[in-house]
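Working notes for the structure below.
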Amino acid sequence: MDTGLPASGAEWVALGERHLAARQVVEAAACYERAVQLEPNAWNYRARLGRLHMATRRFDAAESELRQACVLKPDLPDLFTLLAYVLREQNKAEAAIAVLERALEIDPRHMHAAIAAALMLPPIYSDGDDLRRWRERFASGLARLRATIETAVVDPQSVLDLEWTNFLLAYQGQNDLALQEGYSGFIAALLGVAVPQLQAPVARTREHGGKIRVGFISSDFRISTVGDYFLRWITDLPRDRFHVAAFHTGHLIDEGTRAFQLGSDSFAQLPGRVDDIARTVRDSNLDIAVILDVGMSAKSVLLSNLRLARSQCAAWGHPVTTGSEFMDYFISCGDMEPGDARTHYSETLVCLPGIGVRYRPPDAHAATRAQIGLPADRPIYLCPQSLCKIHPDNDALFIELVERDHEALIVFFEGQASGQTLAFATRLERGLRRRNVPPRQQFKFLPRVSRGDFLGVMKVSDAMLDTLHWSGGNTALDALAAGLPVVTLEGRFMRGRQTAAMLRILEIEELIAGDQEEYVTLALRVGNDKAYRAELSARIRGGSSKLFDREEPVTALARAFEEIAGR
């Protein structure tokens with residue numbers, strides 16, 4: 001009987017590919033799963049399914065499929081590097097290194113495996129000593145890579161397919177300038193052998209109506225932090241003086257992507273190879289190229305080590321120096337930078353006023369604690385950062401707070417993978433035991449939610465606990481838009497000073513603690529003093545026009561671009 005359904009694994013995979021091309025991810029996964037059921041020993045079907053689980057952040061399922069694929073095809077190093085990525089996301093960094101070493105046994109010249117093995121970092125550290133150990137390992141691994149670069153350039157073209165970024169380094173809370181320069185120098189040397197013509201200066205050619213041609217580049221032109229921060233840079237640059245292009249290097253698109261398309265003079269979807277992207281951007285004859293989030297994707301790191309325009313800028317979509325000799329400027333927010341900020345960047349620092357962007361506050365979503373699963377009668381302290389951004393130094397603050405307030409409930413969101421949540425929760429439990437604080441179920445992990453539900457959680461919380469070394473950026477803005485008081489302790493680098501700058505703009509500096517003891521005391525007062533909390537919320541809402549939807553940052557950006565272009 002003909003059911004009209006595929007009869008073989010290959011046919012199910014082909015159907016899955018068609019669903020994937022139509023962005024029907026759930027249907028594609030079901031097809032791949034059926035192919036695996038029919039032919040369980042087909043390593044390539046399991047690899048496809050594992051990759052799809054990776055893309056949808058189902059890391060438990062991805063690990064299972066890729067482990068079996070490696071058993072079925074033990075001579076293919078690319079499978080082992082995929083498995084290593086999944087293991088890292090599950091906070092199994094040591095296991096990931098072992099898998100990468102197996103890949104290098106198969107192919108000692110496998111560039112991706114060599115780089116990942118040398119520079120592996122876990123998302124969650126067990127404590128401060130663990131963080132320091134991994135940082136030292138990273139530094140020594142980078143030194144080894146740079147010393148053996150001749151081996152890496154045996155197959156220089158493979159750098160163009162490199163899927164690795166060291167973005168986790170920035171969450172260690174230290175000055176990354178030297179390490180970033182070392183990594184960028186290594187990548188630039190490989191690219192200089194693979195595509196030297198793409199590192200050559202871009203010559204000035206014909207004028208385009210006298211306008212300055214600016215191109216913005218990101219893999220995240222969609223509903224995201226990049227979208228929230230930088231859309232108005234693109235839409236609001238004055239068109240009598242600028243021609244604005246946008247180059248989207250990512251695969252994911254949504255209604256936010258449409259806003260970037262409509263807001264730019266030209267928009268290109270470029271999900272292909274880095275060399276093809278670079279040629280397209282170079283052919284656009286830009287005066288200025290701006291990579292908004294260097295470090296958040298492998299392509300952004302590679303592109304930052306090529307010459308795409310006459311002048312090149314990075315922005316704080318990932319707020320740490322690129323370390324690249326090809327990036328001329330770093331556009332930052334002056335109110336967030338410390339006095340010695342210029343010593344933290346390899347680029348020339350360009351500082352914009354206010355929060356540096358024209359940020360439109362999101363609409364608040366109505367919610368109740370009962371709907372979210374939170375108790376009605378306890379003070380709720382929300383720490384909404386991704387778990388990988390929560391430095392071990394924060395743990396003492398959390399534990400001191402719950403020790404002093406037995407009714408306090410600190411709410412986190414689950415990590416990108418279950419292994420991260422488990423590692424972070426285990427770290428907190430160890431901290432409680434060291435302080436002899438009895439477990440009172442004072443830490444709660446909420447599932448990852450939509451943006452609307454995320455804002456709803458903020459609406460029903462009493463205080464936001466800002467994180468040390470890496471403060472809230474988008475999260476702090478969302479909290480303040482909801483009228484939620486944020487307690488912060490200013491850090492050494494821009495990435496740890498964002499919330500403090502926002503509070504100063506709002507003239508609510510009393511929420512900026514001077515030390516860790518004051519931080520906890522402030523948090524407890526906000527969480528338990530209803531009248532004080534209401535006063536703070538009223539002041540936040542009353543001052544919102546100072547913080548949100550300001551024209552000055554884009555006006556200053558336009559002036560900066562004119563100076564950079566020499567106009």
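Following the order of the structure tokens, first chain is A, next is B, and so on, with residues numbered from 1 inside each chain and ligands from 1 in the order they appear.
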Shell of 8 Å around segment 163-165 of chain A, only C-alpha atoms, local chain residues under 3 positions omitted, as a PyMOL selection string: chain A and resi 112+115-116+295-299+301
Restricted to C-alpha atoms, what would the selected residues look like written as a short mmCIF file (atom, residue, chain, number, x, y, z; two decimals), in the first residue's frame?
```
data_model
loop_
_atom_site.label_atom_id
_atom_site.label_comp_id
_atom_site.auth_asym_id
_atom_site.auth_seq_id
_atom_site.Cartn_x
_atom_site.Cartn_y
_atom_site.Cartn_z
CA HIS A 112 39.61 23.91 14.12
CA ILE A 115 42.48 26.02 18.04
CA ALA A 116 39.54 24.76 20.10
CA GLY A 295 33.42 38.09 18.97
CA MET A 296 29.81 36.97 19.02
CA SER A 297 30.28 34.88 15.89
CA ALA A 298 33.26 33.26 14.22
CA LYS A 299 32.61 35.22 11.03
CA VAL A 301 36.25 37.67 14.19
#
```
All residues 9 Å or closer to Arg358 of chain A, only C-alpha atoms, same chain fewer than 6 positions away omitted, as a list of chain:residue names: A:Tyr229, A:Phe230, A:Leu231, A:Arg232, A:Trp233, A:Asp236, A:Leu547, A:Phe548, A:Asp549, A:Arg550, A:Glu551, A:Glu552, A:Pro553, A:Val554
Suppose we keep C-alpha atoms; can you now write the selection as a compact mmCIF listing (two decimals), in the first residue's frame?
```txt
# COMPACT_ATOMS: atom_id res chain seq x y z
CA TYR A 229 20.80 48.67 20.41
CA PHE A 230 21.81 49.52 16.89
CA LEU A 231 18.76 49.66 14.62
CA ARG A 232 18.43 53.41 15.18
CA TRP A 233 22.06 53.96 14.21
CA ASP A 236 18.51 57.67 11.91
CA LEU A 547 17.58 57.62 29.21
CA PHE A 548 15.44 56.42 26.34
CA ASP A 549 14.88 57.52 22.76
CA ARG A 550 17.52 60.28 22.85
CA GLU A 551 18.71 61.85 19.61
CA GLU A 552 22.12 62.93 20.91
CA PRO A 553 23.97 59.59 20.49
CA VAL A 554 23.12 59.32 16.77
```
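In terms of minimum interatomic distance to Gly472 of chain A, A:Ser386 ranks closest within A:Ser386, A:Asn394, A:Gln420, A:Gln312, counting only C-alpha atoms.
From atom CA of Arg213 of chain A back to atom CA of Arg241 of chain A, the distance works out to 8.9 Å.
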Residue neighbourhood Glu337 of chain A, 8 Å, only C-alpha atoms, exclusion window fewer than 4 positions, as a ChimeraX atom specification: /A:332-333,341,493-494,497
Write a file of the selected residues as a PDB file, in the first residue's frame, keeping N, CA and C atoms.
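Heads up, here's the output in again-v7.pdb:
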```pdb
ATOM      1  N   SER A 332      32.236  53.470  21.491  1.00  0.00           N
ATOM      2  CA  SER A 332      31.760  53.095  22.815  1.00  0.00           C
ATOM      3  C   SER A 332      30.901  54.214  23.385  1.00  0.00           C
ATOM      4  N   CYS A 333      30.489  54.013  24.615  1.00  0.00           N
ATOM      5  CA  CYS A 333      29.662  54.980  25.327  1.00  0.00           C
ATOM      6  C   CYS A 333      30.527  55.674  26.372  1.00  0.00           C
ATOM      7  N   ALA A 341      40.207  54.312  30.051  1.00  0.00           N
ATOM      8  CA  ALA A 341      39.612  53.413  29.059  1.00  0.00           C
ATOM      9  C   ALA A 341      40.495  53.195  27.840  1.00  0.00           C
ATOM     10  N   PHE A 493      35.993  47.785  33.961  1.00  0.00           N
ATOM     11  CA  PHE A 493      35.933  47.949  32.510  1.00  0.00           C
ATOM     12  C   PHE A 493      34.528  48.342  32.069  1.00  0.00           C
ATOM     13  N   MET A 494      34.426  48.866  30.872  1.00  0.00           N
ATOM     14  CA  MET A 494      33.136  49.329  30.362  1.00  0.00           C
ATOM     15  C   MET A 494      32.052  48.285  30.543  1.00  0.00           C
ATOM     16  N   ARG A 497      30.275  48.495  33.798  1.00  0.00           N
ATOM     17  CA  ARG A 497      29.896  49.841  34.249  1.00  0.00           C
ATOM     18  C   ARG A 497      28.636  50.363  33.539  1.00  0.00           C
TER      19      ARG A 497
END
```
Contacts of Trp134 of chain A within 12 Å, only C-alpha atoms, excl. fewer than 3 positions in-chain, as number ranges by chain: A: 93-94, 118-131, 137-141, 168-169, 172
Residue set, segment 416-508 of chain A restricted to strand (DSSP E), as a list in words: Phe443, Lys444, Phe445, Leu446, Ala463, Met464, Leu465, Val486, Val487, Thr488 and Leu489 of chain A
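Residues within 10 Å of segment 14-26 of chain A, counting only C-alpha atoms and excluding same-chain residues fewer than 6 positions away, are Leu5, Pro6, Ser8, Tyr32, Glu33, Arg34, Ala35, Arg48, Leu49, Leu52, His53, Ala55, Thr56, Leu252 and Ile253 of chain A.
Atom pair atom CA of Asp340 of chain A / atom CA of Ile288 of chain A has a distance of 26.3 Å (rounded to one decimal).
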Nearby residues (only C-alpha atoms) at most 10 Å from segment 75-86 of chain A, same-chain spacing under 6 positions excluded, as number ranges by chain: A: 43-44, 47, 50-51, 53-54, 57-67, 69, 92-108, 110, 112-114, 116-117, 120, 163-164, 417
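Counting only C-alpha atoms and comparing A:Asp328, A:Glu507, A:Asp395, A:Asp293, the residue that lies closest to Gly543 of chain A is A:Glu507.
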